[in-house]
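Text of my_file-v4.tsv, listed as TSV, C-alpha atoms:
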chain	number	residue	atom	x	y	z
A	1	MET	CA	0.00	0.00	0.00
A	2	THR	CA	1.56	3.29	-1.11
A	3	ASP	CA	1.90	6.07	1.44
A	4	PRO	CA	-0.09	9.19	0.36
A	5	GLN	CA	3.02	11.24	1.08
A	6	GLU	CA	4.96	9.29	-1.57
A	7	VAL	CA	2.05	9.55	-4.02
A	8	TYR	CA	1.94	13.33	-3.51
A	9	ALA	CA	5.73	13.62	-3.97
A	10	ARG	CA	5.68	11.56	-7.18
A	11	TRP	CA	2.92	13.61	-8.80
A	12	LEU	CA	4.37	16.91	-7.58
A	13	ASP	CA	7.73	16.00	-9.07
A	14	ALA	CA	6.32	15.05	-12.48
A	15	LEU	CA	3.88	17.98	-12.80
A	16	THR	CA	6.43	20.60	-11.71
A	17	GLY	CA	8.86	19.28	-14.33
A	18	ILE	CA	6.18	19.48	-17.05
A	19	ALA	CA	5.20	23.05	-16.03
A	20	PHE	CA	8.84	24.16	-15.96
A	21	VAL	CA	9.64	22.77	-19.43
A	22	PHE	CA	6.40	24.21	-20.84
A	23	SER	CA	7.23	27.67	-19.39
A	24	VAL	CA	10.77	27.65	-20.79
A	25	LEU	CA	9.47	26.69	-24.27
A	26	ALA	CA	6.67	29.29	-24.10
A	27	LEU	CA	9.13	32.00	-23.06
A	28	ALA	CA	11.46	31.02	-25.92
A	29	LEU	CA	8.60	31.30	-28.42
A	30	TYR	CA	7.71	34.71	-26.96
A	31	LEU	CA	11.31	35.98	-26.91
A	32	THR	CA	12.10	34.89	-30.45
A	33	GLY	CA	8.91	36.47	-31.74
A	34	ALA	CA	7.78	33.12	-33.16
A	35	LEU	CA	4.36	33.80	-31.64
A	36	THR	CA	3.04	37.35	-31.91
A	37	PRO	CA	1.95	38.74	-28.52
A	38	PHE	CA	-1.58	40.09	-28.01
A	39	VAL	CA	-0.30	43.21	-26.22
A	40	ALA	CA	2.63	44.76	-28.11
A	41	PRO	CA	5.85	45.08	-26.06
A	42	GLN	CA	5.89	48.87	-26.43
A	43	ALA	CA	2.36	49.02	-25.02
A	44	VAL	CA	3.26	46.74	-22.10
A	45	VAL	CA	6.11	49.09	-21.10
A	46	GLU	CA	3.70	52.01	-21.04
A	47	LEU	CA	0.91	50.16	-19.25
A	48	TRP	CA	2.61	48.03	-16.58
A	49	ARG	CA	2.78	51.09	-14.28
A	50	LEU	CA	-1.04	51.20	-14.11
A	51	PRO	CA	-3.37	49.38	-11.68
A	52	VAL	CA	-4.70	46.14	-13.13
A	53	ASP	CA	-8.19	47.47	-13.98
A	54	GLN	CA	-6.75	50.38	-15.95
A	55	TYR	CA	-4.21	48.07	-17.63
A	56	LEU	CA	-6.95	45.71	-18.83
A	57	ALA	CA	-9.13	48.57	-20.09
A	58	ARG	CA	-6.30	50.29	-21.99
A	59	ALA	CA	-4.77	47.08	-23.41
A	60	GLY	CA	-8.12	45.52	-24.26
A	61	ALA	CA	-6.89	42.42	-22.42
A	62	PRO	CA	-9.31	39.80	-21.06
A	63	SER	CA	-9.80	38.79	-17.42
A	64	GLY	CA	-11.04	35.45	-16.03
A	65	TRP	CA	-10.62	32.57	-18.45
A	66	GLY	CA	-11.08	34.88	-21.46
A	67	TRP	CA	-7.38	34.44	-22.22
A	68	LEU	CA	-7.98	30.85	-23.41
A	69	SER	CA	-9.09	32.12	-26.81
A	70	LEU	CA	-5.72	33.94	-27.08
A	71	VAL	CA	-3.48	31.01	-26.13
A	72	GLY	CA	-1.93	31.06	-29.59
A	73	ARG	CA	-0.39	34.47	-28.79
A	74	GLY	CA	3.09	34.59	-27.23
A	75	ASP	CA	2.10	36.42	-24.04
A	76	TYR	CA	-0.95	34.27	-23.33
A	77	LEU	CA	0.88	31.01	-24.02
A	78	ASN	CA	3.12	32.10	-21.13
A	79	LEU	CA	0.03	32.67	-19.00
A	80	ALA	CA	-0.96	29.07	-19.76
A	81	GLY	CA	2.38	28.01	-18.24
A	82	ILE	CA	1.60	30.06	-15.13
A	83	CYS	CA	-1.80	28.36	-14.87
A	84	LEU	CA	-0.09	24.97	-15.03
A	85	PHE	CA	1.94	25.89	-11.93
A	86	ALA	CA	-1.24	27.04	-10.16
A	87	LEU	CA	-3.02	23.74	-11.01
A	88	ILE	CA	-0.36	21.42	-9.63
A	89	SER	CA	-1.47	21.47	-5.97
A	90	LEU	CA	-5.08	20.85	-6.98
A	91	ILE	CA	-4.15	17.74	-8.97
A	92	CYS	CA	-1.83	16.42	-6.24
A	93	CYS	CA	-4.52	16.89	-3.53
A	94	ALA	CA	-7.08	15.11	-5.73
A	95	ARG	CA	-4.65	12.25	-6.33
A	96	VAL	CA	-4.06	11.56	-2.62
A	97	ILE	CA	-7.79	11.24	-1.76
A	98	PRO	CA	-7.99	7.55	-2.81
A	99	ALA	CA	-4.56	6.92	-1.26
A	100	PHE	CA	-5.81	8.19	2.12
A	101	LEU	CA	-9.05	6.17	1.81
A	102	ARG	CA	-7.16	2.97	1.04
A	103	ARG	CA	-5.15	3.47	4.24
A	104	GLY	CA	-8.30	3.94	6.32
A	105	GLU	CA	-7.80	7.67	6.88
A	106	PRO	CA	-11.17	9.17	5.87
A	107	LEU	CA	-10.55	12.39	7.81
A	108	HIS	CA	-7.46	13.22	5.77
A	109	ALA	CA	-9.26	12.18	2.59
A	110	ALA	CA	-12.03	14.65	3.49
A	111	LEU	CA	-9.49	17.41	4.16
A	112	ALA	CA	-7.84	16.75	0.80
A	113	ALA	CA	-11.26	16.79	-0.92
A	114	ALA	CA	-12.14	20.10	0.78
A	115	GLN	CA	-8.80	21.51	-0.38
A	116	VAL	CA	-9.58	20.42	-3.96
A	117	LEU	CA	-12.96	22.20	-3.76
A	118	VAL	CA	-11.35	25.44	-2.48
A	119	LEU	CA	-8.70	25.39	-5.22
A	120	LEU	CA	-11.33	24.53	-7.84
A	121	ALA	CA	-13.55	27.41	-6.67
A	122	ALA	CA	-10.55	29.75	-6.89
A	123	ALA	CA	-9.58	28.51	-10.35
A	124	LEU	CA	-13.14	28.80	-11.66
A	125	ASN	CA	-13.45	32.31	-10.23
A	126	LEU	CA	-16.37	31.27	-8.01
A	127	PHE	CA	-15.06	32.90	-4.82
A	128	PRO	CA	-17.30	35.84	-3.76
A	129	GLY	CA	-15.71	39.20	-4.54
A	130	ALA	CA	-12.97	37.75	-6.74
A	131	ARG	CA	-14.50	39.09	-9.94
B	1	MET	CA	11.12	43.47	-30.28
B	2	ASN	CA	11.74	46.82	-28.61
B	3	GLU	CA	15.11	46.67	-26.81
B	4	SER	CA	14.01	48.73	-23.81
B	5	PHE	CA	11.16	46.28	-23.32
B	6	TRP	CA	13.57	43.55	-22.25
B	7	ILE	CA	15.73	45.58	-19.86
B	8	TRP	CA	13.33	45.23	-16.92
B	9	PRO	CA	12.45	41.53	-17.40
B	10	LEU	CA	16.16	40.71	-17.74
B	11	ALA	CA	16.93	42.72	-14.60
B	12	LEU	CA	14.08	40.86	-12.91
B	13	PHE	CA	15.53	37.49	-13.95
B	14	ALA	CA	18.96	38.50	-12.56
B	15	LEU	CA	17.44	39.75	-9.31
B	16	THR	CA	15.28	36.67	-8.75
B	17	PHE	CA	18.21	34.38	-9.54
B	18	VAL	CA	20.13	36.03	-6.69
B	19	LEU	CA	17.02	36.04	-4.47
B	20	GLY	CA	16.61	32.30	-5.10
B	21	ILE	CA	20.14	31.67	-3.79
B	22	VAL	CA	19.77	34.02	-0.82
B	23	ALA	CA	16.32	32.71	0.15
B	24	VAL	CA	17.49	29.10	0.39
B	25	VAL	CA	20.63	29.97	2.36
B	26	ALA	CA	18.79	32.34	4.71
B	27	GLY	CA	15.89	29.91	5.14
B	28	ILE	CA	13.14	32.34	4.09
B	29	GLY	CA	10.71	32.50	1.16
B	30	GLY	CA	11.72	34.51	-1.90
B	31	GLY	CA	8.42	36.44	-2.00
B	32	VAL	CA	9.11	38.39	1.17
B	33	LEU	CA	12.24	39.84	-0.48
B	34	PHE	CA	10.81	40.06	-4.00
B	35	VAL	CA	7.65	42.09	-3.35
B	36	PRO	CA	9.13	45.00	-1.36
B	37	ILE	CA	12.29	45.23	-3.52
B	38	VAL	CA	10.53	45.06	-6.89
B	39	ALA	CA	7.64	47.28	-5.74
B	40	SER	CA	10.15	49.89	-4.60
B	41	PHE	CA	12.75	49.85	-7.35
B	42	PHE	CA	11.04	48.56	-10.53
B	43	PRO	CA	8.46	50.43	-12.63
B	44	PHE	CA	5.68	47.80	-12.35
B	45	HIS	CA	2.44	48.53	-10.51
B	46	LEU	CA	2.06	46.85	-7.11
B	47	ASP	CA	-0.88	44.74	-8.41
B	48	PHE	CA	1.44	42.95	-10.88
B	49	VAL	CA	4.30	42.71	-8.38
B	50	ARG	CA	2.09	40.97	-5.81
B	51	GLY	CA	0.80	38.53	-8.43
B	52	ALA	CA	4.34	37.70	-9.52
B	53	GLY	CA	5.43	37.43	-5.86
B	54	LEU	CA	2.82	34.76	-5.21
B	55	LEU	CA	3.90	32.81	-8.30
B	56	LEU	CA	7.53	33.19	-7.33
B	57	ALA	CA	6.96	31.71	-3.86
B	58	LEU	CA	4.69	29.06	-5.37
B	59	SER	CA	7.13	27.83	-8.01
B	60	GLY	CA	10.09	27.73	-5.60
B	61	THR	CA	8.18	25.63	-3.07
B	62	LEU	CA	6.71	23.35	-5.77
B	63	ALA	CA	10.22	22.60	-7.00
B	64	ALA	CA	11.48	21.78	-3.51
B	65	GLY	CA	8.35	19.84	-2.45
B	66	PRO	CA	9.18	16.31	-3.69
B	67	LEU	CA	12.61	16.34	-2.03
B	68	LEU	CA	11.17	17.64	1.26
B	69	LEU	CA	8.40	15.00	1.30
B	70	ARG	CA	10.71	12.09	0.51
B	71	ALA	CA	13.24	13.20	3.12
B	72	GLY	CA	10.51	13.37	5.77
B	73	LEU	CA	11.15	17.10	6.20
B	74	ALA	CA	7.57	17.91	5.11
B	75	ASN	CA	4.64	16.05	6.65
B	76	LEU	CA	1.56	15.76	4.39
B	77	ARG	CA	-0.84	15.02	7.26
B	78	LEU	CA	0.33	18.17	9.04
B	79	VAL	CA	0.01	20.15	5.80
B	80	MET	CA	-3.63	19.23	5.10
B	81	PRO	CA	-5.57	21.07	7.87
B	82	LEU	CA	-3.20	24.05	7.98
B	83	ALA	CA	-3.16	24.58	4.20
B	84	LEU	CA	-6.96	24.32	4.05
B	85	ALA	CA	-7.44	27.09	6.65
B	86	GLY	CA	-4.69	29.16	5.06
B	87	SER	CA	-5.91	28.84	1.48
B	88	VAL	CA	-9.49	29.90	2.27
B	89	CYS	CA	-8.21	33.01	4.07
B	90	SER	CA	-5.56	33.61	1.42
B	91	LEU	CA	-8.36	33.95	-1.15
B	92	ALA	CA	-10.02	36.55	1.08
B	93	GLY	CA	-6.68	38.34	1.51
B	94	ALA	CA	-6.04	38.45	-2.24
B	95	VAL	CA	-9.51	39.85	-2.92
B	96	THR	CA	-9.05	42.44	-0.15
B	97	GLY	CA	-5.59	43.42	-1.39
B	98	LEU	CA	-6.85	44.03	-4.93
B	99	ALA	CA	-9.82	46.07	-3.64
B	100	LEU	CA	-7.91	48.40	-1.29
B	101	PRO	CA	-6.19	51.62	-2.44
B	102	THR	CA	-2.59	51.00	-3.57
B	103	ASP	CA	-1.11	53.50	-1.09
B	104	LEU	CA	-2.78	51.76	1.82
B	105	VAL	CA	-1.55	48.32	0.71
B	106	GLN	CA	1.95	49.73	0.12
B	107	THR	CA	2.00	51.25	3.63
B	108	ALA	CA	0.73	48.04	5.25
B	109	LEU	CA	3.25	46.02	3.22
B	110	GLY	CA	6.10	48.25	4.40
B	111	ALA	CA	5.03	47.93	8.04
B	112	THR	CA	4.65	44.13	7.69
B	113	VAL	CA	8.08	43.68	6.08
B	114	ILE	CA	9.75	45.79	8.80
B	115	ALA	CA	7.98	43.61	11.40
B	116	VAL	CA	9.27	40.49	9.59
B	117	ALA	CA	12.83	41.88	9.72
B	118	ALA	CA	12.40	42.46	13.46
B	119	LEU	CA	10.97	38.94	13.92
B	120	LEU	CA	13.93	37.39	12.07
B	121	TRP	CA	16.34	39.50	14.13
B	122	MET	CA	14.83	38.33	17.42
B	123	SER	CA	14.27	34.65	16.53
B	124	SER	CA	16.83	32.37	18.12
B	125	GLY	CA	16.58	29.51	15.64
B	126	GLY	CA	16.89	27.02	18.48
B	127	GLU	CA	15.23	23.57	18.55
B	128	ASN	CA	11.80	23.31	20.13
B	129	PHE	CA	9.54	20.33	19.65
B	130	SER	CA	6.68	18.61	21.40
B	131	GLU	CA	6.52	14.92	22.41
B	132	GLU	CA	2.96	15.13	23.72
B	133	SER	CA	-0.10	15.63	21.57
B	134	ASP	CA	-3.38	17.46	22.22
B	135	ALA	CA	-6.79	15.88	21.42
B	136	LEU	CA	-7.20	17.48	17.99
B	137	GLY	CA	-3.63	16.71	17.00
B	138	GLU	CA	-4.18	13.09	18.07
B	139	ARG	CA	-7.38	12.85	16.03
B	140	LEU	CA	-5.68	14.30	12.95
B	141	ARG	CA	-2.64	12.04	13.50
B	142	LEU	CA	-0.32	15.06	13.47
B	143	GLN	CA	2.79	13.21	14.48
B	144	GLY	CA	5.90	11.81	12.92
B	145	ARG	CA	9.41	10.52	13.31
B	146	PHE	CA	12.29	12.60	12.04
B	147	VAL	CA	15.92	11.52	11.87
B	148	ASP	CA	18.31	14.47	12.07
B	149	HIS	CA	21.34	13.27	10.12
B	150	ALA	CA	23.16	16.57	10.68
B	151	ALA	CA	23.02	15.89	14.43
B	152	GLY	CA	24.51	12.42	14.13
B	153	GLY	CA	21.32	10.52	13.29
B	154	VAL	CA	19.32	11.61	16.34
B	155	ARG	CA	15.76	10.24	16.13
B	156	ILE	CA	13.00	12.66	17.11
B	157	ASP	CA	9.41	11.49	17.70
B	158	TRP	CA	7.19	14.55	17.57
B	159	ARG	CA	3.49	15.37	17.99
B	160	THR	CA	1.68	18.68	17.67
B	161	ARG	CA	0.31	20.72	20.57
B	162	ARG	CA	-2.07	23.73	20.54
B	163	THR	CA	-3.41	22.41	17.21
B	164	ALA	CA	-6.58	24.55	17.06
B	165	LEU	CA	-4.58	27.71	17.75
B	166	GLY	CA	-2.09	26.62	15.09
B	167	ILE	CA	-4.85	26.22	12.50
B	168	ALA	CA	-6.22	29.67	13.43
B	169	SER	CA	-2.72	31.15	13.05
B	170	PHE	CA	-2.42	29.73	9.55
B	171	ALA	CA	-5.75	31.34	8.65
B	172	GLY	CA	-4.32	34.74	9.66
B	173	ILE	CA	-0.99	34.12	7.95
B	174	GLY	CA	-2.81	33.02	4.78
B	175	PHE	CA	-4.80	36.27	4.73
B	176	LEU	CA	-1.63	38.40	4.95
B	177	GLY	CA	0.15	36.26	2.36
B	178	GLY	CA	-2.72	36.60	-0.12
B	179	MET	CA	-3.04	40.33	0.48
B	180	PHE	CA	0.65	41.16	0.02
B	181	GLY	CA	1.68	38.41	-2.42
B	182	LEU	CA	4.08	36.79	0.04
B	183	GLY	CA	4.88	33.15	0.75
B	184	ALA	CA	4.85	33.94	4.49
B	185	GLY	CA	7.42	31.29	5.42
B	186	PHE	CA	8.72	33.83	7.96
B	187	ALA	CA	5.48	33.35	9.93
B	188	ASN	CA	4.77	29.69	9.08
B	189	VAL	CA	7.97	28.37	10.60
B	190	PRO	CA	7.55	30.03	14.05
B	191	ALA	CA	3.88	28.96	14.09
B	192	LEU	CA	4.79	25.33	13.36
B	193	ASN	CA	7.87	25.21	15.58
B	194	LEU	CA	7.25	27.52	18.55
B	195	LEU	CA	3.45	27.28	18.71
B	196	MET	CA	2.65	23.74	17.53
B	197	GLY	CA	5.87	22.02	18.55
B	198	ALA	CA	7.00	20.53	15.21
B	199	PRO	CA	10.82	20.14	15.08
B	200	LEU	CA	12.50	23.10	13.38
B	201	LYS	CA	13.58	21.22	10.25
B	202	VAL	CA	10.13	19.63	9.87
B	203	ALA	CA	8.63	23.11	10.37
B	204	VAL	CA	10.79	24.58	7.59
B	205	GLY	CA	10.02	21.73	5.17
B	206	THR	CA	6.31	21.58	5.96
B	207	SER	CA	6.07	25.37	5.63
B	208	GLY	CA	7.32	25.07	2.05
B	209	LEU	CA	4.62	22.58	1.10
B	210	ILE	CA	1.94	24.66	2.83
B	211	ILE	CA	3.05	27.74	0.85
B	212	SER	CA	2.74	25.78	-2.40
B	213	ILE	CA	-0.94	25.04	-1.66
B	214	ILE	CA	-1.95	28.36	-0.07
B	215	ASN	CA	-0.32	30.41	-2.83
B	216	SER	CA	-2.04	28.31	-5.50
B	217	SER	CA	-5.44	29.50	-4.26
B	218	ALA	CA	-4.43	33.18	-4.03
B	219	ALA	CA	-2.66	32.98	-7.40
B	220	TRP	CA	-5.97	32.14	-9.08
B	221	VAL	CA	-7.47	35.41	-7.80
B	222	TYR	CA	-4.63	37.34	-9.47
B	223	ILE	CA	-4.82	35.23	-12.66
B	224	ASN	CA	-8.58	35.70	-12.97
B	225	ARG	CA	-8.31	39.43	-12.33
B	226	GLY	CA	-5.68	39.70	-15.08
B	227	ALA	CA	-3.06	40.78	-12.51
B	228	LEU	CA	-0.42	38.32	-13.67
B	229	LEU	CA	1.67	39.76	-16.46
B	230	PRO	CA	3.68	36.91	-18.00
B	231	VAL	CA	6.51	39.28	-18.92
B	232	ILE	CA	7.00	39.97	-15.19
B	233	ALA	CA	6.01	36.62	-13.67
B	234	VAL	CA	7.77	34.16	-16.02
B	235	PRO	CA	11.32	35.61	-15.77
B	236	ALA	CA	10.80	35.81	-11.99
B	237	ILE	CA	9.69	32.16	-11.76
B	238	LEU	CA	12.54	30.85	-13.89
B	239	GLY	CA	15.11	33.03	-12.09
B	240	VAL	CA	14.08	31.89	-8.62
B	241	MET	CA	13.84	28.21	-9.62
B	242	LEU	CA	17.38	28.24	-11.04
B	243	GLY	CA	18.69	30.33	-8.14
B	244	SER	CA	17.10	28.00	-5.58
B	245	ARG	CA	18.93	25.03	-7.08
B	246	ILE	CA	22.26	26.89	-6.88
B	247	GLY	CA	21.37	27.99	-3.34
B	248	ALA	CA	20.74	24.40	-2.29
B	249	ARG	CA	24.20	23.45	-3.55
B	250	LEU	CA	25.84	26.45	-1.85
B	251	LEU	CA	23.99	25.87	1.43
B	252	PRO	CA	26.75	23.76	3.04
B	253	VAL	CA	29.55	26.22	2.23
B	254	LEU	CA	28.03	29.70	2.63
B	255	PRO	CA	28.05	31.30	6.10
B	256	ALA	CA	24.30	31.25	6.79
B	257	PRO	CA	24.42	33.72	9.75
B	258	VAL	CA	26.09	36.37	7.56
B	259	VAL	CA	23.54	35.83	4.78
B	260	ARG	CA	20.73	35.95	7.33
B	261	ARG	CA	21.95	39.28	8.76
B	262	THR	CA	22.27	40.70	5.23
B	263	VAL	CA	18.70	39.62	4.48
B	264	ILE	CA	17.45	41.36	7.63
B	265	VAL	CA	19.13	44.63	6.58
B	266	VAL	CA	17.77	44.36	3.00
B	267	LEU	CA	14.28	43.62	4.34
B	268	ALA	CA	14.40	46.60	6.72
B	269	LEU	CA	15.51	48.91	3.89
B	270	ALA	CA	12.95	47.60	1.38
B	271	GLY	CA	10.23	47.74	4.04
B	272	ALA	CA	11.12	51.33	4.93
B	273	ARG	CA	11.08	52.26	1.23
B	274	ALA	CA	7.64	50.67	0.75
B	275	LEU	CA	6.34	52.38	3.89
B	276	LEU	CA	7.61	55.82	2.82
B	277	ARG	CA	6.26	55.30	-0.69
B	278	GLY	CA	2.85	54.32	0.67
B	279	LEU	CA	2.78	57.37	2.93
B	280	GLY	CA	3.74	59.60	0.00
B	281	VAL	CA	6.96	60.74	1.72
B	282	TRP	CA	9.25	59.14	-0.95
B	283	PRO	CA	7.10	58.44	-4.02
What is this file in structure tokens?
Amino acid sequence: MTDPQEVYARWLDALTGIAFVFSVLALALYLTGALTPFVAPQAVVELWRLPVDQYLARAGAPSGWGWLSLVGRGDYLNLAGICLFALISLICCARVIPAFLRRGEPLHAALAAAQVLVLLAAALNLFPGAR
Amino acid sequence: MNESFWIWPLALFALTFVLGIVAVVAGIGGGVLFVPIVASFFPFHLDFVRGAGLLLALSGTLAAGPLLLRAGLANLRLVMPLALAGSVCSLAGAVTGLALPTDLVQTALGATVIAVAALLWMSSGGENFSEESDALGERLRLQGRFVDHAAGGVRIDWRTRRTALGIASFAGIGFLGGMFGLGAGFANVPALNLLMGAPLKVAVGTSGLIISIINSSAAWVYINRGALLPVIAVPAILGVMLGSRIGARLLPVLPAPVVRRTVIVVLALAGARALLRGLGVWP
């Protein structure tokens, strides 16, 4: 019977490696200009001094999951890499739920499930006041 | 590409590479250095700096997580209740931070960072662990066995005490971390070690894994609000991940007390700068 701690470590290791490689490749595509960015570099320099609401309004950039339709652009492909990092804990917590149950630890399985729900609510922008 | 465009991201990569080394050697999270320094000396708005700070702390702890878990330095059962309380409050902190006026957040950030510098200055770093559990800690099986190889293979059986208070502390720490974009390892470690009685090395390792979960929840608030600019966050993530690896290799040879004192001075200066900027004294 595999210890949930080992299961978590194994998945964390693999997913972090995937996110790192993805981010390096996405940055390379952005840097080389292989993928045109949605917000032009000159505009970013002018706008990154502004609060986020003003930045989005002036750049015409999306919020929420609206960026998914722009994932073919250099800047938003990099945002996809960032989202991969933010998803890792959610996947690892979900993966240890059955591992805890198999070891007869329903309380820890419930805590892991609650953690998955919190992270899912955050990812889906369901938290009150987040929008 | 416009040449001037890349000056700041390249400077950011260089800075976070150094921060990654320093953070590992000094035993603190990179975010607590990154946010006040970058907010004070780089042209980016504080909203984007806090978002990048969260991702920076997140990526560094994700990278270290597998090693910490396998070495028994992070305890998953201890992580679960604390990270859950922290991540819920971290979401609230992130929402609050993005809703408050920038000057107010900048002032509060400066005051918090100066307090962190004072806390680091006063902390002894001595060992302090509990061998007796409380009822909640017993029910949650918050216990473990840790072998300290650096101390000649000494075996330490530990259990948590004051568990409910510990969980409440992590809720408060999570709120501050989400609001300011910090990893908050500076507060996690004393809460785990001094309050709950986890051995110091287990406290440091477990704190890292807790940060990786808590910061994931707050990071989504910043992502969904559009407050994560890849051109700021990605160089910072890659810089700190590479720097952390170098830092881990340098850890045995660098004089940690000297690095720690340097970090305290840098934190005090960056905190003072953020405070004065927030108060409009030094814009």
Applying 12 Å and all atoms listed in the file, which residues near B:Ala117 remain after dropping the ones on its own chain fewer than 4 positions away? List them as a PyMOL selection string. chain B and resi 28+32-33+110-113+121-123+186-187+260-272
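Among the candidate residues A:Ala34, A:Glu6, A:Ala80, A:Phe85, the one lying nearest to A:Trp65 is A:Ala80, with distances computed using all atoms listed in the file.
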Provide the atom CA of B:Phe180 to atom CA of B:Ala57 distance in Å, to one decimal place.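 Between atom CA of B:Phe180 and atom CA of B:Ala57 the gap is 12.0 Å.
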List the neighbours of B:Phe13 out to 8 Å using all atoms listed in the file; skip same-chain residues closer than 3 positions along the sequence, and give me the result as a list of chain:residue names.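 Listing them by chain and then by number gives B:Pro9, B:Leu10, B:Thr16, B:Phe17, B:Pro235, B:Ala236, B:Leu238, B:Gly239, B:Val240.
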Counting all atoms listed in the file, which residues in chain B sit no more than 6 Å from chain A? For each one, give the nearest pair of atoms and the distance in Å, sorted by chain then residue number, as a Markdown table.
| residue | atom | partner | partner_atom | distance |
| --- | --- | --- | --- | --- |
| B:Pro43 | CA | A:Arg49 | CA | 6.0 |
| B:Phe44 | CA | A:Arg49 | CA | 4.8 |
| B:His45 | CA | A:Arg49 | CA | 4.6 |
| B:Pro66 | CA | A:Ala9 | CA | 4.4 |
| B:Leu76 | CA | A:Gln5 | CA | 5.8 |
| B:Leu84 | CA | A:Gln115 | CA | 5.6 |
| B:Val95 | CA | A:Ala130 | CA | 5.6 |
| B:Ile213 | CA | A:Ser89 | CA | 5.6 |
| B:Ser216 | CA | A:Ala86 | CA | 4.9 |
| B:Ser217 | CA | A:Leu119 | CA | 5.3 |
| B:Trp220 | CA | A:Ala123 | CA | 5.3 |
| B:Asn224 | CA | A:Gly64 | CA | 3.9 |
| B:Arg225 | CA | A:Ser63 | CA | 5.3 |
| B:Gly226 | CA | A:Ser63 | CA | 4.8 |
| B:Ala227 | CA | A:Val52 | CA | 5.6 |
| B:Pro230 | CA | A:Leu79 | CA | 5.7 |
Fewer than 4 positions away in the same chain doesn't count, so skip those; otherwise give me all residues within 9 Å of B:Tyr222, counting all atoms listed in the file, as a list in words.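 In the requested form, the answer reads Ala130 of chain A; Asp47, Phe48, Arg50, Gly51, Ala52, Leu54, Ala94, Val95, Leu98, Ala218, Gly226, Ala227 and Leu228 of chain B.
Here atom CA of B:Glu138 and atom CA of A:Thr2 stand 22.3 Å from one another.
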For a cutoff of 10 Å around the file-coordinate point (1.4, 57.1, 2.8), which residues qualify once you count all atoms listed in the file? I'd like the result as a list in words.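 Applying the cut-off with all atoms listed in the file, one gets Thr102, Asp103, Leu104, Val105, Gln106, Thr107, Ala108, Ala274, Leu275, Leu276, Arg277, Gly278, Leu279, Gly280, Val281, Trp282 and Pro283 of chain B.
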